[in-house]
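protein_17.txt, holding compact mmCIF, C-alpha atoms and all ligand atoms:
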# COMPACT_ATOMS: atom_id res chain seq x y z
CA MET T 1 -9.20 17.34 -11.70
CA ARG T 2 -9.32 14.38 -14.08
CA ILE T 3 -7.60 11.47 -12.40
CA LEU T 4 -6.56 8.18 -14.00
CA ILE T 5 -5.94 5.25 -11.63
CA ALA T 6 -4.12 2.08 -12.72
CA GLY T 7 -4.89 -1.21 -10.93
CA ARG T 8 -8.66 -0.76 -10.52
CA THR T 9 -9.43 -3.96 -8.59
CA GLY T 10 -6.72 -3.55 -5.93
CA GLN T 11 -7.15 -2.50 -2.31
CA LEU T 12 -5.85 1.05 -2.74
CA ALA T 13 -7.63 1.69 -6.04
CA THR T 14 -10.93 0.59 -4.50
CA GLU T 15 -10.52 3.13 -1.70
CA LEU T 16 -9.36 5.86 -4.09
CA LEU T 17 -12.49 5.29 -6.14
CA ASP T 18 -14.52 5.88 -3.01
CA ARG T 19 -12.52 8.87 -1.71
CA LEU T 20 -11.49 11.03 -4.69
CA PRO T 21 -14.93 11.78 -6.19
CA ARG T 22 -15.85 13.35 -2.81
CA ASP T 23 -13.41 16.17 -3.66
CA GLY T 24 -15.19 16.74 -6.96
CA HIS T 25 -12.60 14.93 -9.10
CA LEU T 26 -13.52 13.06 -12.23
CA VAL T 27 -12.01 9.64 -11.61
CA THR T 28 -11.36 6.82 -14.08
CA ALA T 29 -9.91 3.60 -12.76
CA LEU T 30 -8.88 0.87 -15.17
CA GLU T 31 -7.46 -2.61 -14.88
CA ALA T 32 -5.43 -4.76 -17.25
CA PRO T 33 -5.80 -5.45 -20.13
CA GLU T 34 -7.67 -2.13 -20.60
CA LEU T 35 -4.81 -0.36 -18.84
CA ASP T 36 -1.80 -2.65 -18.59
CA ILE T 37 1.05 -0.68 -17.03
CA THR T 38 3.63 -2.96 -18.66
CA LYS T 39 2.51 -1.93 -22.16
CA TRP T 40 3.29 1.49 -23.64
CA GLU T 41 0.39 1.42 -26.15
CA SER T 42 -2.08 0.46 -23.45
CA ILE T 43 -1.07 3.39 -21.23
CA GLU T 44 -1.00 5.79 -24.19
CA GLU T 45 -4.45 4.71 -25.27
CA ALA T 46 -5.90 5.11 -21.74
CA VAL T 47 -4.27 8.53 -21.38
CA GLY T 48 -5.53 9.62 -24.80
CA ARG T 49 -9.04 8.56 -23.88
CA THR T 50 -9.19 10.11 -20.38
CA ASN T 51 -6.84 13.12 -20.76
CA PRO T 52 -5.86 13.02 -17.05
CA ASP T 53 -4.37 15.83 -14.94
CA VAL T 54 -2.61 13.22 -12.82
CA ILE T 55 -2.06 9.44 -12.87
CA ILE T 56 -2.09 7.36 -9.69
CA ASN T 57 -0.37 4.01 -10.05
CA ALA T 58 -2.15 1.66 -7.64
CA ALA T 59 -1.15 -1.34 -9.79
CA ALA T 60 1.60 -3.65 -8.63
CA TYR T 61 2.79 -7.23 -8.41
CA THR T 62 2.18 -7.71 -4.68
CA ALA T 63 2.57 -11.49 -4.24
CA VAL T 64 5.73 -11.27 -2.14
CA ASP T 65 6.47 -15.00 -1.90
CA ARG T 66 5.48 -15.82 -5.49
CA ALA T 67 7.85 -13.09 -6.72
CA GLU T 68 10.84 -15.15 -5.54
CA GLY T 69 10.21 -17.60 -8.39
CA ASP T 70 8.69 -15.08 -10.80
CA ARG T 71 11.40 -12.42 -10.93
CA ASP T 72 10.85 -11.32 -14.53
CA ARG T 73 7.14 -10.70 -14.08
CA ALA T 74 7.67 -8.92 -10.71
CA PHE T 75 10.24 -6.59 -12.32
CA LEU T 76 8.08 -6.08 -15.42
CA VAL T 77 5.10 -4.87 -13.34
CA ASN T 78 6.95 -3.17 -10.48
CA SER T 79 9.85 -1.62 -12.37
CA THR T 80 9.08 -1.39 -16.11
CA GLY T 81 5.48 -0.35 -15.31
CA PRO T 82 6.44 2.73 -13.25
CA ALA T 83 9.14 3.58 -15.81
CA LEU T 84 6.56 3.65 -18.63
CA LEU T 85 4.08 5.59 -16.49
CA GLY T 86 6.85 8.04 -15.55
CA THR T 87 7.82 8.57 -19.19
CA ILE T 88 4.26 9.07 -20.42
CA THR T 89 3.26 11.38 -17.55
CA ALA T 90 6.42 13.44 -18.18
CA LEU T 91 5.53 13.72 -21.89
CA GLU T 92 2.01 14.79 -20.90
CA GLY T 93 3.40 17.31 -18.39
CA ILE T 94 1.41 15.82 -15.51
CA PRO T 95 2.42 14.39 -12.10
CA LEU T 96 2.57 10.72 -11.19
CA VAL T 97 1.67 9.29 -7.78
CA HIS T 98 3.26 5.92 -7.12
CA LEU T 99 3.35 3.50 -4.18
CA SER T 100 6.27 1.60 -2.72
CA THR T 101 7.07 -0.43 0.34
CA ASP T 102 9.05 -0.83 3.54
CA TYR T 103 10.40 -4.02 1.90
CA VAL T 104 13.01 -1.85 0.15
CA PHE T 105 14.81 -1.97 3.52
CA PRO T 106 16.62 -4.92 5.12
CA GLY T 107 14.93 -4.41 8.49
CA THR T 108 18.09 -4.48 10.54
CA GLY T 109 18.39 -0.77 11.34
CA GLY T 110 17.03 -1.01 14.88
CA ALA T 111 15.10 2.27 14.47
CA PRO T 112 12.38 3.55 12.12
CA TYR T 113 13.80 4.25 8.65
CA ASP T 114 13.49 7.75 7.27
CA GLU T 115 13.65 8.62 3.58
CA SER T 116 17.44 9.23 3.71
CA ALA T 117 18.17 5.67 4.90
CA PRO T 118 19.91 3.57 2.24
CA PRO T 119 17.57 0.90 0.87
CA GLN T 120 18.83 -2.66 0.62
CA PRO T 121 16.04 -5.07 -0.27
CA ILE T 122 16.20 -8.69 0.87
CA SER T 123 13.48 -10.05 -1.45
CA VAL T 124 12.73 -10.01 -5.18
CA TYR T 125 9.55 -8.03 -4.46
CA GLY T 126 11.53 -5.42 -2.49
CA ALA T 127 14.17 -5.19 -5.21
CA SER T 128 11.54 -4.81 -7.94
CA LYS T 129 9.76 -2.04 -6.00
CA LEU T 130 13.04 -0.21 -5.38
CA ALA T 131 13.88 -0.37 -9.09
CA GLY T 132 10.41 1.04 -9.81
CA GLU T 133 11.00 3.99 -7.47
CA HIS T 134 14.23 4.90 -9.25
CA ARG T 135 12.80 4.52 -12.73
CA ALA T 136 9.61 6.50 -12.05
CA LEU T 137 11.53 9.40 -10.49
CA GLU T 138 14.15 9.31 -13.22
CA ALA T 139 11.49 9.47 -15.94
CA ASN T 140 9.31 12.11 -14.29
CA PRO T 141 10.72 14.43 -11.60
CA ARG T 142 7.09 15.35 -10.80
CA THR T 143 6.59 11.95 -9.15
CA ALA T 144 5.46 11.51 -5.55
CA ILE T 145 6.14 8.08 -4.09
CA LEU T 146 4.53 6.86 -0.90
CA ARG T 147 6.36 4.00 0.78
CA THR T 148 3.88 2.17 2.96
CA SER T 149 3.48 -1.16 4.77
CA TRP T 150 1.04 -3.94 5.75
CA VAL T 151 -1.81 -2.58 3.59
CA CYS T 152 -5.28 -3.76 4.67
CA SER T 153 -8.86 -2.98 3.75
CA PRO T 154 -12.27 -4.65 3.65
CA HIS T 155 -11.52 -5.66 0.03
CA GLY T 156 -9.09 -8.13 -1.50
CA ALA T 157 -6.60 -10.36 0.26
CA ASN T 158 -4.83 -9.01 3.32
CA PHE T 159 -3.81 -9.89 6.88
CA VAL T 160 -7.11 -8.77 8.46
CA LYS T 161 -9.14 -10.95 6.13
CA THR T 162 -6.75 -13.89 6.61
CA MET T 163 -6.96 -13.65 10.42
CA LEU T 164 -10.77 -13.49 10.32
CA ARG T 165 -10.86 -16.59 8.11
CA LEU T 166 -8.36 -18.53 10.25
CA GLY T 167 -10.11 -17.41 13.44
CA ALA T 168 -13.40 -18.84 12.11
CA GLU T 169 -11.80 -22.10 10.90
CA ARG T 170 -9.37 -22.96 13.70
CA GLU T 171 -9.24 -23.12 17.47
CA ALA T 172 -5.63 -21.94 17.57
CA VAL T 173 -3.66 -19.52 15.42
CA SER T 174 0.10 -18.83 15.55
CA VAL T 175 1.45 -15.48 14.40
CA VAL T 176 5.01 -14.14 14.24
CA ALA T 177 5.85 -11.76 17.04
CA ASP T 178 9.35 -10.70 16.03
CA GLN T 179 8.55 -8.66 12.90
CA HIS T 180 7.94 -5.00 13.62
CA GLY T 181 6.09 -2.52 11.43
CA ALA T 182 2.75 -0.80 11.09
CA PRO T 183 -0.58 -1.69 9.52
CA THR T 184 -1.82 0.86 6.99
CA PHE T 185 -5.44 0.95 5.96
CA ALA T 186 -5.97 1.64 2.27
CA ALA T 187 -8.68 4.19 3.12
CA ASP T 188 -6.11 6.23 5.07
CA LEU T 189 -3.65 6.07 2.17
CA ALA T 190 -6.40 7.18 -0.22
CA ASP T 191 -7.21 10.10 2.09
CA ALA T 192 -3.55 11.14 2.23
CA ILE T 193 -3.25 11.02 -1.57
CA ALA T 194 -6.45 13.08 -1.90
CA ARG T 195 -4.95 15.72 0.35
CA MET T 196 -1.63 15.76 -1.54
CA LEU T 197 -3.15 16.09 -5.01
CA PRO T 198 -3.88 19.85 -5.20
CA ARG T 199 -0.27 20.75 -4.39
CA LEU T 200 1.14 18.06 -6.68
CA ALA T 201 -0.99 19.33 -9.54
CA ARG T 202 0.22 22.92 -9.27
CA SER T 203 3.87 22.38 -8.24
CA PRO T 204 6.77 22.45 -10.69
CA ALA T 205 9.55 19.87 -10.88
CA GLY T 206 12.02 20.39 -8.04
CA ASP T 207 9.32 21.31 -5.55
CA PRO T 208 9.68 19.40 -2.25
CA ALA T 209 6.13 18.10 -2.79
CA PHE T 210 7.73 15.46 -5.06
CA GLY T 211 10.08 12.64 -4.18
CA ILE T 212 9.82 9.79 -1.70
CA PHE T 213 7.68 9.92 1.45
CA HIS T 214 7.02 7.35 4.14
CA LEU T 215 3.41 6.87 5.24
CA THR T 216 2.05 4.06 7.39
CA GLY T 217 -0.51 3.78 10.13
CA ALA T 218 0.47 4.37 13.78
CA PRO T 219 1.51 3.16 16.28
CA HIS T 220 4.16 0.60 15.39
CA THR T 221 3.36 -2.98 16.34
CA THR T 222 4.08 -6.63 15.50
CA TRP T 223 2.04 -9.04 13.38
CA HIS T 224 1.15 -10.90 16.57
CA ASP T 225 -0.15 -7.81 18.35
CA PHE T 226 -2.00 -6.75 15.22
CA ALA T 227 -3.67 -10.19 15.15
CA GLU T 228 -4.59 -9.78 18.81
CA ALA T 229 -6.30 -6.46 18.02
CA ILE T 230 -8.16 -8.04 15.08
CA PHE T 231 -9.44 -10.91 17.24
CA ALA T 232 -10.49 -8.48 20.00
CA GLU T 233 -12.48 -6.46 17.47
CA ALA T 234 -14.02 -9.65 16.08
CA ALA T 235 -14.85 -10.88 19.60
CA ALA T 236 -16.70 -7.60 20.25
CA ARG T 237 -18.84 -8.64 17.26
CA ARG T 238 -19.58 -12.03 18.85
CA ARG T 239 -16.93 -14.02 16.93
CA PRO T 240 -15.23 -16.26 19.48
CA PRO T 241 -11.46 -15.67 19.28
CA PRO T 242 -9.03 -18.53 18.64
CA LYS T 243 -6.13 -19.21 21.00
CA LEU T 244 -3.39 -16.90 19.71
CA THR T 245 0.23 -18.03 20.06
CA ALA T 246 3.30 -15.87 19.48
CA ILE T 247 5.93 -17.55 17.33
CA SER T 248 9.23 -16.48 15.78
CA THR T 249 9.96 -15.89 12.10
CA ALA T 250 12.16 -19.01 12.20
CA GLU T 251 9.06 -21.03 13.16
CA TYR T 252 7.12 -19.71 10.14
CA PRO T 253 9.40 -20.06 7.11
CA THR T 254 8.32 -18.27 3.93
CA LEU T 255 9.82 -18.19 0.43
CA ALA T 256 10.64 -14.50 0.68
CA GLN T 257 12.57 -12.98 3.53
CA ARG T 258 10.78 -10.11 5.28
CA PRO T 259 12.36 -7.17 7.15
CA ALA T 260 12.43 -7.95 10.88
CA ASP T 261 12.04 -4.25 11.61
CA GLY T 262 10.35 -2.40 8.77
CA ARG T 263 9.18 0.55 10.86
CA LEU T 264 9.07 3.75 8.82
CA ASP T 265 9.61 7.26 10.15
CA CYS T 266 6.72 9.29 8.72
CA GLY T 267 7.91 12.75 9.77
CA LEU T 268 8.73 14.12 6.30
CA ILE T 269 5.24 13.80 4.85
CA GLY T 270 3.99 15.70 7.91
CA ARG T 271 6.45 18.54 7.35
CA ILE T 272 5.90 18.81 3.58
CA HIS T 273 2.27 17.78 3.11
CA GLY T 274 0.81 18.19 6.61
CA ILE T 275 -0.19 14.52 6.74
CA VAL T 276 0.12 12.59 9.99
CA PRO T 277 -0.17 8.81 10.26
CA ALA T 278 -3.70 7.62 11.00
CA ASP T 279 -4.29 5.47 14.09
CA TRP T 280 -4.69 2.01 12.56
CA ARG T 281 -6.73 0.85 15.59
CA LEU T 282 -9.53 3.25 14.64
CA SER T 283 -9.25 2.24 11.00
CA LEU T 284 -9.38 -1.43 12.03
CA THR T 285 -12.67 -0.78 13.83
CA GLN T 286 -14.09 0.85 10.69
CA CYS T 287 -12.80 -2.01 8.54
CA LEU T 288 -14.47 -4.63 10.76
CA ASP T 289 -17.67 -2.56 10.84
CA THR T 290 -17.71 -3.08 7.07
CA VAL T 291 -16.60 -6.71 7.01
CA LEU T 292 -18.52 -8.07 10.03
CA GLY T 293 -21.00 -5.30 10.81
CA PRO T 294 -20.95 -2.78 13.65
CA ILE T 295 -20.71 -3.84 17.30
CA ALA T 296 -24.24 -4.61 18.53
CA LYS T 297 -25.45 -2.26 21.24
CA ASP T 298 -26.19 -3.94 24.58
CA PRO T 299 -30.03 -3.82 24.86
CA ALA T 300 -29.67 -3.02 28.58
N1 LIG T 401 -0.46 -4.98 0.12
C1 LIG T 401 0.51 -4.59 0.96
O1 LIG T 401 0.63 -5.11 2.08
C2 LIG T 401 1.47 -3.51 0.57
C3 LIG T 401 2.50 -3.16 1.46
C4 LIG T 401 3.39 -2.15 1.09
C5 LIG T 401 3.24 -1.50 -0.13
N2 LIG T 401 2.24 -1.88 -0.97
C6 LIG T 401 2.13 -1.19 -2.27
O2 LIG T 401 0.91 -0.45 -2.27
C7 LIG T 401 0.37 -0.42 -3.60
C8 LIG T 401 -1.08 -0.86 -3.58
O3 LIG T 401 -1.14 -2.18 -3.04
P1 LIG T 401 -2.50 -2.98 -2.93
O4 LIG T 401 -2.43 -3.79 -1.68
O5 LIG T 401 -3.66 -2.08 -3.17
O6 LIG T 401 -2.30 -3.98 -4.17
P2 LIG T 401 -3.31 -5.11 -4.68
O7 LIG T 401 -4.55 -5.13 -3.88
O8 LIG T 401 -2.49 -6.36 -4.82
O9 LIG T 401 -3.68 -4.56 -6.12
C9 LIG T 401 -2.75 -4.47 -7.15
C10 LIG T 401 -3.54 -4.33 -8.45
O10 LIG T 401 -2.62 -4.21 -9.53
C11 LIG T 401 -3.13 -4.97 -10.60
N3 LIG T 401 -2.10 -5.27 -11.59
C12 LIG T 401 -1.14 -6.21 -11.57
N4 LIG T 401 -0.41 -6.16 -12.70
C13 LIG T 401 -0.93 -5.15 -13.45
C14 LIG T 401 -0.63 -4.59 -14.73
N5 LIG T 401 0.38 -5.08 -15.49
N6 LIG T 401 -1.36 -3.55 -15.18
C15 LIG T 401 -2.39 -3.07 -14.46
N7 LIG T 401 -2.74 -3.55 -13.26
C16 LIG T 401 -2.01 -4.58 -12.76
C17 LIG T 401 -3.68 -6.20 -9.92
O11 LIG T 401 -4.55 -6.91 -10.78
P3 LIG T 401 -4.60 -8.52 -10.66
O12 LIG T 401 -5.08 -8.82 -9.28
O13 LIG T 401 -5.56 -8.88 -11.76
O14 LIG T 401 -3.18 -8.98 -10.89
C18 LIG T 401 -4.43 -5.56 -8.75
O15 LIG T 401 -5.69 -5.10 -9.15
C19 LIG T 401 1.31 -1.28 -4.45
O16 LIG T 401 2.24 -0.46 -5.08
C20 LIG T 401 2.03 -2.14 -3.44
O17 LIG T 401 3.30 -2.56 -3.88
C21 LIG T 401 1.34 -2.85 -0.65
Output the file's structure in the form of structure tokens.
Amino acid sequence: MRILIAGRTGQLATELLDRLPRDGHLVTALEAPELDITKWESIEEAVGRTNPDVIINAAAYTAVDRAEGDRDRAFLVNSTGPALLGTITALEGIPLVHLSTDYVFPGTGGAPYDESAPPQPISVYGASKLAGEHRALEANPRTAILRTSWVCSPHGANFVKTMLRLGAEREAVSVVADQHGAPTFAADLADAIARMLPRLARSPAGDPAFGIFHLTGAPHTTWHDFAEAIFAEAAARRRPPPKLTAISTAEYPTLAQRPADGRLDCGLIGRIHGIVPADWRLSLTQCLDTVLGPIAKDPA
């Protein structure tokens, strides 16, 4: 298959570039301005040049706090972008794979959200991503959307990298312990997308392969417990851990509100696509093997 990826330098695109060629696909990943998802001519030109069988939109405005004061740009990238990609892929008669977020939910449900739960974003970022879901699906019924959470990888800026930096700089680190969710490693998302692609490519509009699916790592955890796991992995690689303190969201104010409980029920993608959430603890080990190097064997 010829695959066009938007958002080349991002975490997910980097992993897709590693994963998809292993299935024999011809992959082109582009970044703005070469492929700017907010510009019709830019997408048209990239599509004309690469003639893709599918487009994966890994591009997004992901600065959650900055989005609060940058609403127009967040909506342009996260809503207009998917709308344009949906329209052009529909005209081309090809499927679109798009990514969304647990931040479309308020986080007050008290149980993992499934795909039938009504979204109600509490941040500009969440609202822009929800608008993008609607507009992509409206424009191209052959759109598959993966809602995910807490994306991490050895590349780019993410919670794992931030904890490793803070752990090296400080003796003590405080992390919120009252926000629940699940880390998702970009490599696991890329693997899931790779496994979905053959069915997406051959299925007609209306097939259950399309629509919205939840996919995160497992098991559910808190940011604090995730930080604890990161520092344990780092300590196994001879990085002394900082003192880790659990704090509340109220003690760590941010510009954007985050869902207190953004846990996603990932059952549907298992039933339709046979994909089960990857254990993020194993993926964390692999991530730190890349970032810090593998755990040294005891010479004894
Ligand atoms: N990161 C998370 O924790 C998280 C959580 C839930 C869902 N998601 C979703 O998962 C997907 C992948 O996230 P990620 O973490 O891989 O994102 P990322 O690392 O922030 O990468 C996003 C990429 O999109 C590019 N981009 C921004 N505006 C663009 C435009 N107009 N045209 C083309 N490219 C543009 C960015 O380039 P610049 O850097 O040059 O702007 C960057 O390369 C996104 O849809 C995101 O909303 C992420």
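Between atom CA of Ala209 of chain T and atom CA of Glu44 of chain T the interatomic distance comes to 25.7 Å.
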Can you build me a table of chain T residues sitting at most 6 Å from ligand LIG 401 (chain T), with the closest atom pair per residue and its distance in Å to one decimal, using only C-alpha atoms and all ligand atoms, sorted by chain and residue number, as a tab-separated table?
residue	atom	partner	partner_atom	distance
T:Ala6	CA	T:LIG401	C15	5.7
T:Gly7	CA	T:LIG401	N7	3.9
T:Arg8	CA	T:LIG401	O15	5.4
T:Thr9	CA	T:LIG401	O15	3.9
T:Gly10	CA	T:LIG401	O9	3.2
T:Gln11	CA	T:LIG401	O5	3.6
T:Leu12	CA	T:LIG401	O5	3.8
T:Glu31	CA	T:LIG401	N7	5.1
T:Ala32	CA	T:LIG401	C15	4.5
T:Leu35	CA	T:LIG401	C15	5.7
T:Asp36	CA	T:LIG401	N6	3.6
T:Ile37	CA	T:LIG401	N6	4.2
T:Thr38	CA	T:LIG401	N5	5.0
T:Ala58	CA	T:LIG401	C8	4.9
T:Ala59	CA	T:LIG401	O10	3.2
T:Ala60	CA	T:LIG401	O10	4.4
T:Tyr61	CA	T:LIG401	C12	5.1
T:Thr62	CA	T:LIG401	O8	4.9
T:Val77	CA	T:LIG401	N5	5.2
T:Leu99	CA	T:LIG401	O16	4.2
T:Ser100	CA	T:LIG401	C6	5.0
T:Thr101	CA	T:LIG401	C5	4.0
T:Thr148	CA	T:LIG401	C4	4.7
T:Ser149	CA	T:LIG401	C4	3.8
T:Trp150	CA	T:LIG401	O1	3.9
T:Val151	CA	T:LIG401	O1	3.8
T:Gly156	CA	T:LIG401	O7	5.9
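Distances here use all atoms listed in the file; by that measure, the residue among T:Ile94, T:Leu268, T:Ala139, T:Ala186 closest to His155 of chain T is T:Ala186.
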Checklist line | Atomic distance atom CA of Ala227 of chain T - atom CA of Asn78 of chain T, expressed in Å with one decimal | finding: 28.6 Å
Notebook entry, point to check: Of the candidates T:Pro198, T:Gly181, T:Gly167, T:Pro242, which shows the shortest atom-to-atom distance to Asp265 of chain T, using only C-alpha atoms?
Noted result: T:Gly181
Next item on the list: May I ask for the distance between atom CA of Gly293 of chain T and atom CA of Met163 of chain T, given in Å to one decimal place?
Entry: 16.3 Å
Note to self: I'd like the contact shell of Glu169 of chain T - 12 Å cut-off, all atoms listed in the file, skipping same-chain residues fewer than 3 positions apart - returned as a PyMOL selection string.
What the structure shows: chain T and resi 162-166+172-173+239-243
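Shortest separation to Tyr103 of chain T among T:Pro259, T:Pro253, T:Pro21, T:Gly217 occurs at residue T:Pro259, atoms counted being all atoms listed in the file.
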Radius query 9 Å about (13.5, 21.3, -11.2), atoms used: all atoms listed in the file, as a short mmCIF file (atom, residue, chain, number, x, y, z; two decimals) with C-alpha atoms, in the frame of the given file:
data_model
loop_
_atom_site.label_atom_id
_atom_site.label_comp_id
_atom_site.auth_asym_id
_atom_site.auth_seq_id
_atom_site.Cartn_x
_atom_site.Cartn_y
_atom_site.Cartn_z
CA PRO T 141 10.72 14.43 -11.60
CA ARG T 142 7.09 15.35 -10.80
CA PRO T 204 6.77 22.45 -10.69
CA ALA T 205 9.55 19.87 -10.88
CA GLY T 206 12.02 20.39 -8.04
CA ASP T 207 9.32 21.31 -5.55
#
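If all atoms listed in the file are the atoms counted, then among T:Val27, T:Ile193, T:Ala250, T:Gly211 the closest residue to Ile3 of chain T is T:Val27.
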Provide segment 55-68 of chain T rebuilt to N, CA and C atoms, formatted as an mmCIF file, keeping the file's coordinate frame.
data_model
loop_
_atom_site.group_PDB
_atom_site.id
_atom_site.type_symbol
_atom_site.label_atom_id
_atom_site.label_comp_id
_atom_site.auth_asym_id
_atom_site.auth_seq_id
_atom_site.Cartn_x
_atom_site.Cartn_y
_atom_site.Cartn_z
ATOM 1 N N ILE T 55 -1.850 10.897 -12.878
ATOM 2 C CA ILE T 55 -2.060 9.440 -12.870
ATOM 3 C C ILE T 55 -1.625 8.920 -11.492
ATOM 4 N N ILE T 56 -2.457 8.047 -10.938
ATOM 5 C CA ILE T 56 -2.090 7.360 -9.690
ATOM 6 C C ILE T 56 -1.862 5.894 -10.036
ATOM 7 N N ASN T 57 -0.665 5.421 -9.772
ATOM 8 C CA ASN T 57 -0.370 4.010 -10.050
ATOM 9 C C ASN T 57 -0.628 3.165 -8.801
ATOM 10 N N ALA T 58 -1.822 2.567 -8.755
ATOM 11 C CA ALA T 58 -2.150 1.660 -7.640
ATOM 12 C C ALA T 58 -1.953 0.207 -8.076
ATOM 13 N N ALA T 59 -1.398 0.013 -9.283
ATOM 14 C CA ALA T 59 -1.150 -1.340 -9.790
ATOM 15 C C ALA T 59 0.221 -1.819 -9.347
ATOM 16 N N ALA T 60 0.303 -3.087 -9.024
ATOM 17 C CA ALA T 60 1.600 -3.650 -8.630
ATOM 18 C C ALA T 60 1.513 -5.169 -8.633
ATOM 19 N N TYR T 61 2.679 -5.790 -8.657
ATOM 20 C CA TYR T 61 2.790 -7.230 -8.410
ATOM 21 C C TYR T 61 3.064 -7.340 -6.923
ATOM 22 N N THR T 62 2.065 -7.766 -6.147
ATOM 23 C CA THR T 62 2.180 -7.710 -4.680
ATOM 24 C C THR T 62 2.335 -9.084 -4.017
ATOM 25 N N ALA T 63 2.431 -10.145 -4.830
ATOM 26 C CA ALA T 63 2.570 -11.490 -4.240
ATOM 27 C C ALA T 63 4.041 -11.699 -3.845
ATOM 28 N N VAL T 64 4.338 -11.353 -2.600
ATOM 29 C CA VAL T 64 5.730 -11.270 -2.140
ATOM 30 C C VAL T 64 6.454 -12.614 -2.250
ATOM 31 N N ASP T 65 5.807 -13.690 -1.845
ATOM 32 C CA ASP T 65 6.470 -15.000 -1.900
ATOM 33 C C ASP T 65 6.564 -15.504 -3.338
ATOM 34 N N ARG T 66 5.480 -15.346 -4.106
ATOM 35 C CA ARG T 66 5.480 -15.820 -5.490
ATOM 36 C C ARG T 66 6.584 -15.127 -6.301
ATOM 37 N N ALA T 67 6.852 -13.860 -5.970
ATOM 38 C CA ALA T 67 7.850 -13.090 -6.720
ATOM 39 C C ALA T 67 9.229 -13.752 -6.685
ATOM 40 N N GLU T 68 9.519 -14.511 -5.629
ATOM 41 C CA GLU T 68 10.840 -15.150 -5.540
ATOM 42 C C GLU T 68 11.107 -16.064 -6.729
#
